[in-house]
Amino acid sequence: MFFQHIYDKSLAQASYLIGCQTVGEAIVIDPKRDIDTYLQLAKENNLTITHITETHIHADFLSGSRELEKATGAKLYLSDEGGADWQYQFQHIGLINGDTIEVGRLTLKVIHTPGHTPESISFLLTDHPAADVPVMIFTGDFVFVGDIGRPDLLEKVAGLTGTQEKGAKEMYHSVQDFVKLPEFIQVWPGHGAGSACGKSLGAVPSSTVGYEKIRNWAFQYEDDEEGFIEYLLEGQPEPPKYFAMMKKWNKVDRPLLMEVPIQKKLSKEEFLSAYHDGVQVIDTRSKEDFAKGFIPKSLNIQGNNSFSTWMGWMVNYSEPFILLAQEGQMEDLTRKLMRIGMDQMMGYISSAENLGLELQTVDSIDLEEFKTYLNREDVQVIDVRNKTEYEARHIANAENFFVGTLEDHLDMISHEKQVIIYCQSGDRASIAYSILKKYGFENVKIYYGGMKEWLEKYNSVTN
């Protein structure tokens, strides 16, 4: 058996290429949209991709299953579980509980594991040349290392009222069935630490059924369904806005993107024409470089592993944008964007200088100056971390406006008072600062040190 775990750090998303080397056939589970990764791996290992499948209709990334199907001619196997509202709306081979997919001398048995979504399935893999017992299970967003999939996305993202309680109940029963599996079976999930599909995912890529029974919180509620549901639903992170778009596009027919686009480097004239027409500029430089001089009304979304997530939070899919980034970054950034279906980039520029624009600078303060602004009537201190982080520990009298939804609460931010922004260590605060400056807030300062520096210095706060 050939096995390859493919991991996208930017979305903490895992996909898998599994092959039977005896006959040269392979299956891909939960492929990302830049499919050249799988084509190259298959070629290097003398495999032909003959099967493609998914564990569920994804919300956090745009699946590459149909691009891969078109490129290879492989058969597409997708869940037909979950009822009429949860059917894929394009041609595929349907899967229900108990079905098997044969890939050479490998078999993948389908197990319906609802909870995260109604149609969610897992795949129990048996490598028959080695043994006629299953050795791996691919759980998608059902069981993670140390956590399980959240059941609240359909309600919070798609607006389907009441689905989170139903999903939590289904998840409880799916978990009770999972513990009946042999403890030696390897667990390969769809996500790792950093994903918004759960609240406490582990950093290691895989686990075993036995390990999860011991260490995963979800397996400690054997006779307490109510306690399980309460814990599962509390403290889940805010789902990014783009999740709703992914849920739709992964279900319906859509245009395919077969190659990684090569982005156009804009001339000064092309850039200025678009900029003055109101096209959004995304500055992907570090927060330190952004602070030294930025294009007015640009947003600072750094080109790191969180780039695609924050782009999905901040940028409307119906509006074009321009990146400020180095040429050597463009392929990586383009891949990150195409994985969430954000294809409306007009092009990029590599410098903020020599454009004929007066650059702005960030007004930042250090810890000692920050302290002088605390507990003052003429100052509004804003914590832009998420609600769970804020409720756990925050600086006394700070108000909480999560950066991802900051634009929805601009009417609650003062134009008269001095506004001070902080987060954990500066990255989200830099996004928030650029948002406020875009909307004309003048009296804004940023405390880059954030909660990290504050706790290192004082190790105590008032909640």
# chains A, B, ... in the order shown; residues from 1 in each chain; ligands from 1
$ residues_around --residues "Lys180 of chain A" --least-positions-apart "3" --cutoff "12 Å" --atoms "only C-alpha atoms" --output "list in words"
His173, Ser174, Val175, Gln176, Asp177, Glu183, Phe184, Ile185, Val209, Gly210, Lys213 and Phe219 of chain A
$ select_by_dssp --residues "segment 21-257 of chain A" --states "helix (DSSP H, G or I)" --output "ChimeraX atom specification"
/A:36-44,65-72,84-86,153-156,163-178,209-215,217-220,225-233,243-249
$ write_last_selection --atoms "C-alpha atoms" --output "tab-separated table (two decimals), in the first residue's frame"
chain	number	residue	atom	x	y	z
A	36	ASP	CA	-1.15	19.36	-9.28
A	37	THR	CA	0.07	18.04	-5.92
A	38	TYR	CA	-1.82	14.76	-6.38
A	39	LEU	CA	-1.00	14.41	-10.08
A	40	GLN	CA	2.71	14.77	-9.37
A	41	LEU	CA	2.67	12.35	-6.43
A	42	ALA	CA	0.82	9.74	-8.46
A	43	LYS	CA	3.22	10.11	-11.37
A	44	GLU	CA	6.29	9.81	-9.13
A	65	SER	CA	-12.69	16.76	-6.39
A	66	ARG	CA	-14.27	17.88	-9.64
A	67	GLU	CA	-11.07	19.40	-10.98
A	68	LEU	CA	-9.30	16.13	-10.20
A	69	GLU	CA	-12.11	14.12	-11.80
A	70	LYS	CA	-11.82	16.14	-15.01
A	71	ALA	CA	-8.02	15.89	-15.08
A	72	THR	CA	-7.85	12.13	-14.47
A	84	ALA	CA	-32.77	15.31	0.54
A	85	ASP	CA	-31.34	18.64	1.71
A	86	TRP	CA	-27.81	17.25	1.91
A	153	LEU	CA	-21.79	25.49	11.51
A	154	LEU	CA	-25.03	24.82	9.67
A	155	GLU	CA	-26.87	27.12	12.05
A	156	LYS	CA	-24.19	29.82	12.41
A	163	THR	CA	-29.56	22.17	13.50
A	164	GLN	CA	-26.79	22.52	16.08
A	165	GLU	CA	-28.74	20.70	18.81
A	166	LYS	CA	-29.78	17.97	16.36
A	167	GLY	CA	-26.20	17.67	15.11
A	168	ALA	CA	-24.85	17.46	18.66
A	169	LYS	CA	-27.23	14.59	19.44
A	170	GLU	CA	-26.19	12.78	16.25
A	171	MET	CA	-22.54	13.36	17.11
A	172	TYR	CA	-23.04	11.78	20.53
A	173	HIS	CA	-24.36	8.58	18.98
A	174	SER	CA	-21.65	8.56	16.30
A	175	VAL	CA	-19.03	8.78	19.05
A	176	GLN	CA	-20.63	5.86	20.92
A	177	ASP	CA	-20.38	3.75	17.75
A	178	PHE	CA	-16.79	4.83	17.13
A	209	VAL	CA	-8.95	4.70	18.35
A	210	GLY	CA	-7.44	3.57	21.65
A	211	TYR	CA	-5.60	6.85	22.22
A	212	GLU	CA	-8.70	8.90	21.52
A	213	LYS	CA	-10.76	6.81	23.93
A	214	ILE	CA	-8.29	7.78	26.65
A	215	ARG	CA	-7.38	11.37	25.81
A	217	TRP	CA	-12.73	14.77	25.88
A	218	ALA	CA	-15.62	13.52	23.72
A	219	PHE	CA	-15.12	9.93	24.87
A	220	GLN	CA	-15.51	10.74	28.56
A	225	GLU	CA	-25.55	12.81	26.58
A	226	GLU	CA	-26.69	16.14	28.07
A	227	GLY	CA	-23.22	16.95	29.45
A	228	PHE	CA	-21.65	15.97	26.12
A	229	ILE	CA	-23.95	18.27	24.13
A	230	GLU	CA	-23.41	21.19	26.52
A	231	TYR	CA	-19.62	20.91	26.36
A	232	LEU	CA	-19.58	20.39	22.59
A	233	LEU	CA	-21.60	23.52	21.86
A	243	PHE	CA	-17.67	29.22	5.17
A	244	ALA	CA	-21.16	29.92	3.83
A	245	MET	CA	-19.80	30.34	0.31
A	246	MET	CA	-17.77	27.11	0.51
A	247	LYS	CA	-20.77	25.15	1.77
A	248	LYS	CA	-22.74	26.28	-1.26
A	249	TRP	CA	-20.04	25.86	-3.92
$ atom_distance --atom1 "atom CA of Asn386 of chain A" --atom2 "atom CA of Asp147 of chain A"
19.5 Å
$ closest_atom_pairs --of "segment 146-263 of chain A" --to "segment 53-64 of chain A" --cutoff "12 Å" --atoms "only C-alpha atoms" --output "tab-separated table"
residue	atom	partner	partner_atom	distance
A:Gly149	CA	A:His56	CA	11.7
A:Arg150	CA	A:Ala59	CA	11.6
A:Pro151	CA	A:Ala59	CA	11.9
A:Asp152	CA	A:Ala59	CA	11.7
A:Leu153	CA	A:Ala59	CA	8.2
A:Leu154	CA	A:Ala59	CA	9.2
A:Lys156	CA	A:Ala59	CA	11.6
A:Val157	CA	A:Ala59	CA	8.9
A:Ala158	CA	A:Ala59	CA	9.9
A:Trp188	CA	A:Thr55	CA	11.7
A:Pro189	CA	A:Thr55	CA	9.9
A:Gly190	CA	A:Thr55	CA	8.4
A:His191	CA	A:Asp60	CA	10.2
A:Gly194	CA	A:Asp60	CA	11.9
A:Ser195	CA	A:Asp60	CA	8.5
A:Ala196	CA	A:Asp60	CA	7.9
A:Cys197	CA	A:Asp60	CA	7.7
A:Gly198	CA	A:Asp60	CA	11.4
A:Pro239	CA	A:Asp60	CA	8.9
A:Pro240	CA	A:Asp60	CA	8.2
A:Lys241	CA	A:Asp60	CA	9.8
A:Tyr242	CA	A:Asp60	CA	7.6
A:Phe243	CA	A:Ala59	CA	4.8
A:Ala244	CA	A:Ala59	CA	6.7
A:Met245	CA	A:Ala59	CA	7.7
A:Met246	CA	A:Ala59	CA	4.9
A:Lys247	CA	A:Ala59	CA	4.5
A:Lys248	CA	A:Ala59	CA	8.2
A:Trp249	CA	A:Leu62	CA	7.2
A:Asn250	CA	A:Ile57	CA	6.0
A:Lys251	CA	A:Ile57	CA	6.4
A:Val252	CA	A:Ile57	CA	10.2
A:Asp253	CA	A:Ser63	CA	11.9
A:Arg254	CA	A:Leu62	CA	10.8
A:Pro255	CA	A:Gly64	CA	11.4
A:Leu256	CA	A:Gly64	CA	8.7
A:Leu257	CA	A:Gly64	CA	8.8
A:Met258	CA	A:Gly64	CA	9.2
A:Glu259	CA	A:Gly64	CA	11.1
$ write_last_selection --atoms "N, CA, C and O atoms" --output "compact mmCIF listing (two decimals), in the first residue's frame"
# COMPACT_ATOMS: atom_id res chain seq x y z
N GLY A 149 -15.66 17.14 15.55
CA GLY A 149 -16.17 18.21 14.71
C GLY A 149 -17.32 18.96 15.36
O GLY A 149 -18.14 18.37 16.07
N ARG A 150 -17.38 20.24 15.09
CA ARG A 150 -18.44 21.08 15.66
C ARG A 150 -19.74 20.88 14.88
O ARG A 150 -19.73 20.79 13.64
N PRO A 151 -20.88 20.85 15.55
CA PRO A 151 -22.16 20.66 14.88
C PRO A 151 -22.94 21.95 14.65
O PRO A 151 -24.09 21.90 14.22
N ASP A 152 -22.32 23.10 14.94
CA ASP A 152 -23.05 24.36 14.93
C ASP A 152 -22.89 25.16 13.65
O ASP A 152 -23.50 26.22 13.49
N LEU A 153 -22.07 24.68 12.70
CA LEU A 153 -21.79 25.49 11.51
C LEU A 153 -23.02 25.71 10.64
O LEU A 153 -23.20 26.77 10.06
N LEU A 154 -23.86 24.68 10.53
CA LEU A 154 -25.03 24.82 9.67
C LEU A 154 -25.95 25.93 10.17
O LEU A 154 -26.57 26.63 9.38
N LYS A 156 -24.89 28.53 12.34
CA LYS A 156 -24.19 29.82 12.41
C LYS A 156 -23.79 30.34 11.03
O LYS A 156 -23.71 31.55 10.83
N VAL A 157 -23.52 29.44 10.10
CA VAL A 157 -23.08 29.85 8.77
C VAL A 157 -24.23 29.88 7.78
O VAL A 157 -24.39 30.84 7.02
N ALA A 158 -25.02 28.81 7.77
CA ALA A 158 -26.09 28.70 6.78
C ALA A 158 -27.45 29.17 7.30
O ALA A 158 -28.42 29.21 6.54
N TRP A 188 -6.99 9.00 10.99
CA TRP A 188 -6.44 10.06 10.15
C TRP A 188 -7.56 11.08 9.88
O TRP A 188 -8.46 10.83 9.08
N PRO A 189 -7.53 12.24 10.56
CA PRO A 189 -8.61 13.22 10.46
C PRO A 189 -8.44 14.19 9.31
O PRO A 189 -7.39 14.23 8.65
N GLY A 190 -9.46 15.02 9.11
CA GLY A 190 -9.44 16.00 8.03
C GLY A 190 -8.79 17.32 8.39
O GLY A 190 -8.55 18.14 7.52
N HIS A 191 -8.51 17.53 9.68
CA HIS A 191 -7.93 18.80 10.12
C HIS A 191 -7.01 18.60 11.31
O HIS A 191 -7.10 17.61 12.03
N GLY A 194 -5.46 24.60 14.66
CA GLY A 194 -5.61 25.85 13.91
C GLY A 194 -6.87 25.90 13.07
O GLY A 194 -7.27 26.97 12.62
N SER A 195 -7.51 24.77 12.86
CA SER A 195 -8.74 24.75 12.09
C SER A 195 -9.90 25.30 12.91
O SER A 195 -9.99 25.08 14.12
N ALA A 196 -10.82 25.99 12.25
CA ALA A 196 -12.02 26.50 12.90
C ALA A 196 -13.15 25.46 12.91
O ALA A 196 -14.27 25.78 13.30
N CYS A 197 -12.84 24.22 12.51
CA CYS A 197 -13.86 23.17 12.50
C CYS A 197 -14.01 22.48 13.85
O CYS A 197 -14.80 21.55 14.00
N GLY A 198 -13.22 22.89 14.82
CA GLY A 198 -13.31 22.41 16.19
C GLY A 198 -12.70 23.45 17.09
O GLY A 198 -12.28 24.51 16.64
N PRO A 239 -17.13 31.08 13.26
CA PRO A 239 -16.82 30.54 11.93
C PRO A 239 -16.57 31.67 10.94
O PRO A 239 -17.35 32.63 10.89
N PRO A 240 -15.50 31.61 10.16
CA PRO A 240 -15.24 32.66 9.17
C PRO A 240 -16.40 32.85 8.20
O PRO A 240 -17.11 31.90 7.87
N LYS A 241 -16.57 34.08 7.72
CA LYS A 241 -17.70 34.41 6.86
C LYS A 241 -17.70 33.59 5.57
O LYS A 241 -18.75 33.27 5.03
N TYR A 242 -16.51 33.25 5.08
CA TYR A 242 -16.45 32.57 3.78
C TYR A 242 -16.97 31.14 3.84
O TYR A 242 -17.21 30.52 2.80
N PHE A 243 -17.17 30.59 5.04
CA PHE A 243 -17.67 29.22 5.17
C PHE A 243 -19.00 29.04 4.45
O PHE A 243 -19.25 27.97 3.87
N ALA A 244 -19.86 30.04 4.49
CA ALA A 244 -21.16 29.92 3.83
C ALA A 244 -21.01 29.74 2.33
O ALA A 244 -21.72 28.94 1.70
N MET A 245 -20.04 30.45 1.74
CA MET A 245 -19.80 30.34 0.31
C MET A 245 -19.25 28.95 -0.04
O MET A 245 -19.66 28.34 -1.04
N MET A 246 -18.34 28.43 0.78
CA MET A 246 -17.77 27.11 0.51
C MET A 246 -18.84 26.03 0.60
O MET A 246 -18.88 25.10 -0.22
N LYS A 247 -19.71 26.15 1.60
CA LYS A 247 -20.77 25.15 1.77
C LYS A 247 -21.65 25.08 0.53
O LYS A 247 -22.06 24.00 0.10
N LYS A 248 -21.91 26.24 -0.06
CA LYS A 248 -22.74 26.28 -1.26
C LYS A 248 -21.99 25.73 -2.47
O LYS A 248 -22.51 24.87 -3.20
N TRP A 249 -20.78 26.23 -2.71
CA TRP A 249 -20.04 25.86 -3.92
C TRP A 249 -19.62 24.39 -3.92
O TRP A 249 -19.46 23.80 -4.99
N ASN A 250 -19.42 23.80 -2.76
CA ASN A 250 -19.05 22.39 -2.71
C ASN A 250 -20.24 21.46 -2.95
O ASN A 250 -20.07 20.27 -3.16
N LYS A 251 -21.43 22.02 -2.93
CA LYS A 251 -22.65 21.22 -3.11
C LYS A 251 -23.20 21.29 -4.52
O LYS A 251 -23.78 20.34 -5.03
N VAL A 252 -23.01 22.45 -5.18
CA VAL A 252 -23.62 22.68 -6.49
C VAL A 252 -22.57 22.63 -7.59
O VAL A 252 -21.37 22.63 -7.34
N ASP A 253 -23.04 22.62 -8.83
CA ASP A 253 -22.14 22.69 -9.97
C ASP A 253 -21.54 24.09 -10.03
O ASP A 253 -22.19 25.09 -9.70
N ARG A 254 -20.29 24.18 -10.44
CA ARG A 254 -19.59 25.47 -10.48
C ARG A 254 -18.49 25.42 -11.53
O ARG A 254 -18.07 24.34 -11.96
N PRO A 255 -17.96 26.58 -11.95
CA PRO A 255 -16.83 26.58 -12.89
C PRO A 255 -15.60 25.94 -12.26
O PRO A 255 -15.37 26.07 -11.05
N LEU A 256 -14.80 25.26 -13.08
CA LEU A 256 -13.61 24.57 -12.59
C LEU A 256 -12.36 25.39 -12.91
O LEU A 256 -12.31 26.13 -13.89
N LEU A 257 -11.35 25.25 -12.06
CA LEU A 257 -10.07 25.93 -12.25
C LEU A 257 -9.00 24.84 -12.30
O LEU A 257 -8.67 24.25 -11.27
N MET A 258 -8.46 24.59 -13.47
CA MET A 258 -7.62 23.42 -13.66
C MET A 258 -6.13 23.66 -13.40
O MET A 258 -5.37 22.71 -13.27
N GLU A 259 -5.72 24.92 -13.35
CA GLU A 259 -4.32 25.22 -13.10
C GLU A 259 -4.21 26.39 -12.14
O GLU A 259 -5.14 27.18 -11.98
$ residues_around --residues "Asn375 of chain A" --least-positions-apart "3" --cutoff "10 Å" --atoms "only C-alpha atoms" --output "mmCIF file with N, CA, C and O atoms, in the first residue's frame"
data_model
loop_
_atom_site.group_PDB
_atom_site.id
_atom_site.type_symbol
_atom_site.label_atom_id
_atom_site.label_comp_id
_atom_site.auth_asym_id
_atom_site.auth_seq_id
_atom_site.Cartn_x
_atom_site.Cartn_y
_atom_site.Cartn_z
ATOM 1 N N LYS A 371 -0.183 51.700 29.388
ATOM 2 C CA LYS A 371 -0.674 51.772 30.770
ATOM 3 C C LYS A 371 -1.224 53.156 31.112
ATOM 4 O O LYS A 371 -2.152 53.283 31.908
ATOM 5 N N THR A 372 -0.689 54.193 30.478
ATOM 6 C CA THR A 372 -1.142 55.553 30.794
ATOM 7 C C THR A 372 -2.537 55.833 30.245
ATOM 8 O O THR A 372 -3.174 56.809 30.649
ATOM 9 N N ASP A 378 -11.745 59.283 28.541
ATOM 10 C CA ASP A 378 -11.559 59.772 27.170
ATOM 11 C C ASP A 378 -10.870 58.748 26.272
ATOM 12 O O ASP A 378 -10.416 59.081 25.172
ATOM 13 N N VAL A 379 -10.787 57.497 26.727
ATOM 14 C CA VAL A 379 -10.105 56.441 25.982
ATOM 15 C C VAL A 379 -11.018 55.228 25.860
ATOM 16 O O VAL A 379 -11.689 54.842 26.818
ATOM 17 N N GLN A 380 -11.046 54.623 24.664
ATOM 18 C CA GLN A 380 -11.764 53.368 24.443
ATOM 19 C C GLN A 380 -10.741 52.293 24.096
ATOM 20 O O GLN A 380 -10.088 52.365 23.052
ATOM 21 N N VAL A 381 -10.577 51.309 24.974
ATOM 22 C CA VAL A 381 -9.637 50.211 24.748
ATOM 23 C C VAL A 381 -10.412 49.045 24.153
ATOM 24 O O VAL A 381 -11.431 48.617 24.706
ATOM 25 N N ALA A 396 -8.583 44.851 32.074
ATOM 26 C CA ALA A 396 -9.754 45.448 32.715
ATOM 27 C C ALA A 396 -10.314 46.599 31.895
ATOM 28 O O ALA A 396 -9.577 47.457 31.392
ATOM 29 N N ASN A 397 -11.646 46.580 31.741
ATOM 30 C CA ASN A 397 -12.418 47.640 31.071
ATOM 31 C C ASN A 397 -12.251 47.662 29.551
ATOM 32 O O ASN A 397 -12.784 48.554 28.886
ATOM 33 N N ALA A 398 -11.523 46.723 28.983
ATOM 34 C CA ALA A 398 -11.440 46.640 27.522
ATOM 35 C C ALA A 398 -12.755 46.096 26.966
ATOM 36 O O ALA A 398 -13.375 45.208 27.556
#
$ atom_distance --atom1 "atom CA of His116 of chain A" --atom2 "atom CA of Phe142 of chain A"
6.3 Å
$ residues_around --residues "Thr107 of chain A" --least-positions-apart "6" --cutoff "7 Å" --atoms "only C-alpha atoms" --output "MDAnalysis selection string"
chainID A and resid 100:101 125:127
$ residues_around --residues "Val281 of chain A" --least-positions-apart "2" --cutoff "6 Å" --atoms "only C-alpha atoms" --output "list in words"
Ser298, Phe321, Ile322 and Leu323 of chain A
$ select_by_dssp --residues "segment 303-360 of chain A" --states "strand (DSSP E or B)" --output "MDAnalysis selection string"
chainID A and resid 321:324 345:349 360
$ write_last_selection --atoms "all heavy atoms" --output "compact mmCIF listing (two decimals), in the first residue's frame"
# COMPACT_ATOMS: atom_id res chain seq x y z
N PHE A 321 -9.83 42.64 -6.01
CA PHE A 321 -8.82 43.18 -5.09
C PHE A 321 -7.45 43.09 -5.75
O PHE A 321 -7.25 42.38 -6.75
CB PHE A 321 -8.82 42.42 -3.76
CG PHE A 321 -8.52 40.96 -3.88
CD1 PHE A 321 -7.22 40.48 -3.87
CD2 PHE A 321 -9.56 40.04 -4.03
CE1 PHE A 321 -6.94 39.13 -4.00
CE2 PHE A 321 -9.30 38.68 -4.16
CZ PHE A 321 -7.99 38.23 -4.15
N ILE A 322 -6.52 43.83 -5.19
CA ILE A 322 -5.13 43.85 -5.64
C ILE A 322 -4.24 43.51 -4.45
O ILE A 322 -4.49 44.01 -3.34
CB ILE A 322 -4.76 45.24 -6.21
CG1 ILE A 322 -5.56 45.55 -7.47
CG2 ILE A 322 -3.25 45.33 -6.49
CD1 ILE A 322 -5.46 47.00 -7.92
N LEU A 323 -3.24 42.69 -4.66
CA LEU A 323 -2.29 42.37 -3.59
C LEU A 323 -1.05 43.24 -3.69
O LEU A 323 -0.57 43.53 -4.79
CB LEU A 323 -1.86 40.90 -3.65
CG LEU A 323 -2.89 39.82 -3.39
CD1 LEU A 323 -2.19 38.47 -3.25
CD2 LEU A 323 -3.74 40.11 -2.16
N LEU A 324 -0.53 43.64 -2.54
CA LEU A 324 0.81 44.20 -2.45
C LEU A 324 1.67 43.07 -1.89
O LEU A 324 1.55 42.69 -0.73
CB LEU A 324 0.84 45.41 -1.52
CG LEU A 324 2.22 45.96 -1.12
CD1 LEU A 324 3.11 46.20 -2.32
CD2 LEU A 324 2.07 47.23 -0.28
N MET A 345 -8.80 38.16 -8.07
CA MET A 345 -7.66 39.06 -7.98
C MET A 345 -7.40 39.74 -9.33
O MET A 345 -7.32 39.07 -10.37
CB MET A 345 -6.40 38.29 -7.55
CG MET A 345 -5.22 39.19 -7.20
SD MET A 345 -3.63 38.31 -7.04
CE MET A 345 -4.07 36.94 -5.99
N MET A 346 -7.23 41.07 -9.32
CA MET A 346 -6.94 41.82 -10.54
C MET A 346 -5.46 41.74 -10.90
O MET A 346 -5.09 41.88 -12.07
CB MET A 346 -7.32 43.29 -10.38
CG MET A 346 -8.81 43.55 -10.40
SD MET A 346 -9.17 45.33 -10.34
CE MET A 346 -8.42 45.88 -11.88
N GLY A 347 -4.62 41.54 -9.91
CA GLY A 347 -3.18 41.53 -10.11
C GLY A 347 -2.48 41.96 -8.85
O GLY A 347 -3.08 41.99 -7.76
N TYR A 348 -1.20 42.32 -8.98
CA TYR A 348 -0.44 42.68 -7.78
C TYR A 348 0.57 43.77 -8.10
O TYR A 348 0.92 44.02 -9.27
CB TYR A 348 0.27 41.46 -7.21
CG TYR A 348 1.47 40.99 -8.00
CD1 TYR A 348 2.78 41.32 -7.60
CD2 TYR A 348 1.31 40.21 -9.14
CE1 TYR A 348 3.88 40.89 -8.33
CE2 TYR A 348 2.40 39.78 -9.87
CZ TYR A 348 3.68 40.11 -9.46
OH TYR A 348 4.77 39.69 -10.18
N ILE A 349 1.02 44.44 -7.05
CA ILE A 349 2.16 45.36 -7.11
C ILE A 349 3.16 44.90 -6.07
O ILE A 349 2.79 44.22 -5.10
CB ILE A 349 1.74 46.82 -6.85
CG1 ILE A 349 1.01 46.95 -5.50
CG2 ILE A 349 0.87 47.34 -7.98
CD1 ILE A 349 0.71 48.38 -5.08
N GLN A 360 0.66 56.43 4.70
CA GLN A 360 0.37 56.66 6.12
C GLN A 360 1.22 55.73 6.97
O GLN A 360 1.73 54.71 6.48
CB GLN A 360 -1.12 56.41 6.39
CG GLN A 360 -2.05 57.35 5.64
CD GLN A 360 -3.52 57.06 5.90
OE1 GLN A 360 -3.89 55.96 6.28
NE2 GLN A 360 -4.36 58.05 5.68
$ closest_residue --among "A:Ala74, A:Ser120, A:Val403, A:Asp408" --to "Leu95 of chain A" --atoms "only C-alpha atoms"
A:Ser120
$ closest_residue --among "A:Leu266, A:Met412, A:Val110, A:Ile365" --to "Leu436 of chain A" --atoms "only C-alpha atoms"
A:Met412
$ atom_distance --atom1 "atom CA of Leu337 of chain A" --atom2 "atom CA of Ser308 of chain A"
5.7 Å
$ closest_residue --among "A:Asn304, A:Gln263, A:Ser364, A:Asn459" --to "Gly426 of chain A" --atoms "only C-alpha atoms"
A:Ser364
$ residues_around --residues "segment 17-29 of chain A" --least-positions-apart "2" --cutoff "8 Å" --atoms "only C-alpha atoms" --output "list in words"
Met1, Phe2, Phe3, Gln4, His5, Ile6, Ser15, Pro31, Tyr38, Ala42, Asn46, Leu47, Thr48, Ile49, Thr50, His51, Ile52, Thr53, Glu54, Thr55, Val103, Gly104, Arg105 and Leu106 of chain A
$ write_last_selection --atoms "C-alpha atoms" --output "tab-separated table (two decimals), in the first residue's frame"
chain	number	residue	atom	x	y	z
A	1	MET	CA	0.00	0.00	0.00
A	2	PHE	CA	1.16	3.51	-0.84
A	3	PHE	CA	0.09	6.19	1.64
A	4	GLN	CA	0.64	9.95	1.57
A	5	HIS	CA	-0.73	12.50	4.02
A	6	ILE	CA	-0.96	15.93	2.30
A	15	SER	CA	-6.07	15.15	2.31
A	31	PRO	CA	-8.58	16.86	-2.27
A	38	TYR	CA	-1.82	14.76	-6.38
A	42	ALA	CA	0.82	9.74	-8.46
A	46	ASN	CA	3.67	4.93	-10.78
A	47	LEU	CA	0.05	5.24	-9.71
A	48	THR	CA	-3.10	6.15	-11.62
A	49	ILE	CA	-5.75	8.08	-9.72
A	50	THR	CA	-8.89	6.05	-10.38
A	51	HIS	CA	-11.10	7.04	-7.42
A	52	ILE	CA	-11.89	10.34	-5.68
A	53	THR	CA	-14.00	10.78	-2.57
A	54	GLU	CA	-14.96	13.21	0.19
A	55	THR	CA	-15.95	12.77	3.81
A	103	VAL	CA	-9.03	0.32	-5.07
A	104	GLY	CA	-6.97	-2.58	-6.37
A	105	ARG	CA	-6.57	-4.87	-3.37
A	106	LEU	CA	-7.56	-2.17	-0.89
$ decode --residues "segment 263-296 of chain A" --atoms "C-alpha atoms" --output "PDB file, in the first residue's frame"
ATOM      1  CA  GLN A 263      -1.163  36.741 -11.673  1.00  0.00           C
ATOM      2  CA  LYS A 264      -0.470  39.955 -13.544  1.00  0.00           C
ATOM      3  CA  LYS A 265       1.996  42.500 -12.170  1.00  0.00           C
ATOM      4  CA  LEU A 266       0.263  45.845 -12.600  1.00  0.00           C
ATOM      5  CA  SER A 267       1.939  48.928 -13.962  1.00  0.00           C
ATOM      6  CA  LYS A 268       1.770  52.144 -11.944  1.00  0.00           C
ATOM      7  CA  GLU A 269      -0.921  53.458 -14.269  1.00  0.00           C
ATOM      8  CA  GLU A 270      -2.988  50.269 -14.117  1.00  0.00           C
ATOM      9  CA  PHE A 271      -2.772  50.196 -10.347  1.00  0.00           C
ATOM     10  CA  LEU A 272      -3.695  53.850  -9.844  1.00  0.00           C
ATOM     11  CA  SER A 273      -6.658  53.567 -12.187  1.00  0.00           C
ATOM     12  CA  ALA A 274      -8.043  50.604 -10.232  1.00  0.00           C
ATOM     13  CA  TYR A 275      -7.172  52.132  -6.859  1.00  0.00           C
ATOM     14  CA  HIS A 276      -8.975  55.389  -7.617  1.00  0.00           C
ATOM     15  CA  ASP A 277     -11.972  53.340  -8.797  1.00  0.00           C
ATOM     16  CA  GLY A 278     -12.151  51.903  -5.282  1.00  0.00           C
ATOM     17  CA  VAL A 279     -10.586  48.469  -5.800  1.00  0.00           C
ATOM     18  CA  GLN A 280      -9.461  47.096  -2.430  1.00  0.00           C
ATOM     19  CA  VAL A 281      -5.703  46.821  -1.828  1.00  0.00           C
ATOM     20  CA  ILE A 282      -4.516  43.980   0.405  1.00  0.00           C
ATOM     21  CA  ASP A 283      -1.069  44.629   1.875  1.00  0.00           C
ATOM     22  CA  THR A 284       0.492  41.215   2.563  1.00  0.00           C
ATOM     23  CA  ARG A 285       3.689  42.566   4.114  1.00  0.00           C
ATOM     24  CA  SER A 286       4.611  42.024   7.758  1.00  0.00           C
ATOM     25  CA  LYS A 287       2.892  44.236  10.291  1.00  0.00           C
ATOM     26  CA  GLU A 288       6.262  45.899  10.935  1.00  0.00           C
ATOM     27  CA  ASP A 289       6.702  46.892   7.284  1.00  0.00           C
ATOM     28  CA  PHE A 290       3.065  47.940   7.029  1.00  0.00           C
ATOM     29  CA  ALA A 291       3.507  50.196  10.066  1.00  0.00           C
ATOM     30  CA  LYS A 292       6.381  52.087   8.409  1.00  0.00           C
ATOM     31  CA  GLY A 293       4.278  53.189   5.460  1.00  0.00           C
ATOM     32  CA  PHE A 294       1.021  51.917   3.955  1.00  0.00           C
ATOM     33  CA  ILE A 295      -1.285  52.884   1.113  1.00  0.00           C
ATOM     34  CA  PRO A 296      -4.359  54.715   2.449  1.00  0.00           C
TER      35      PRO A 296
END
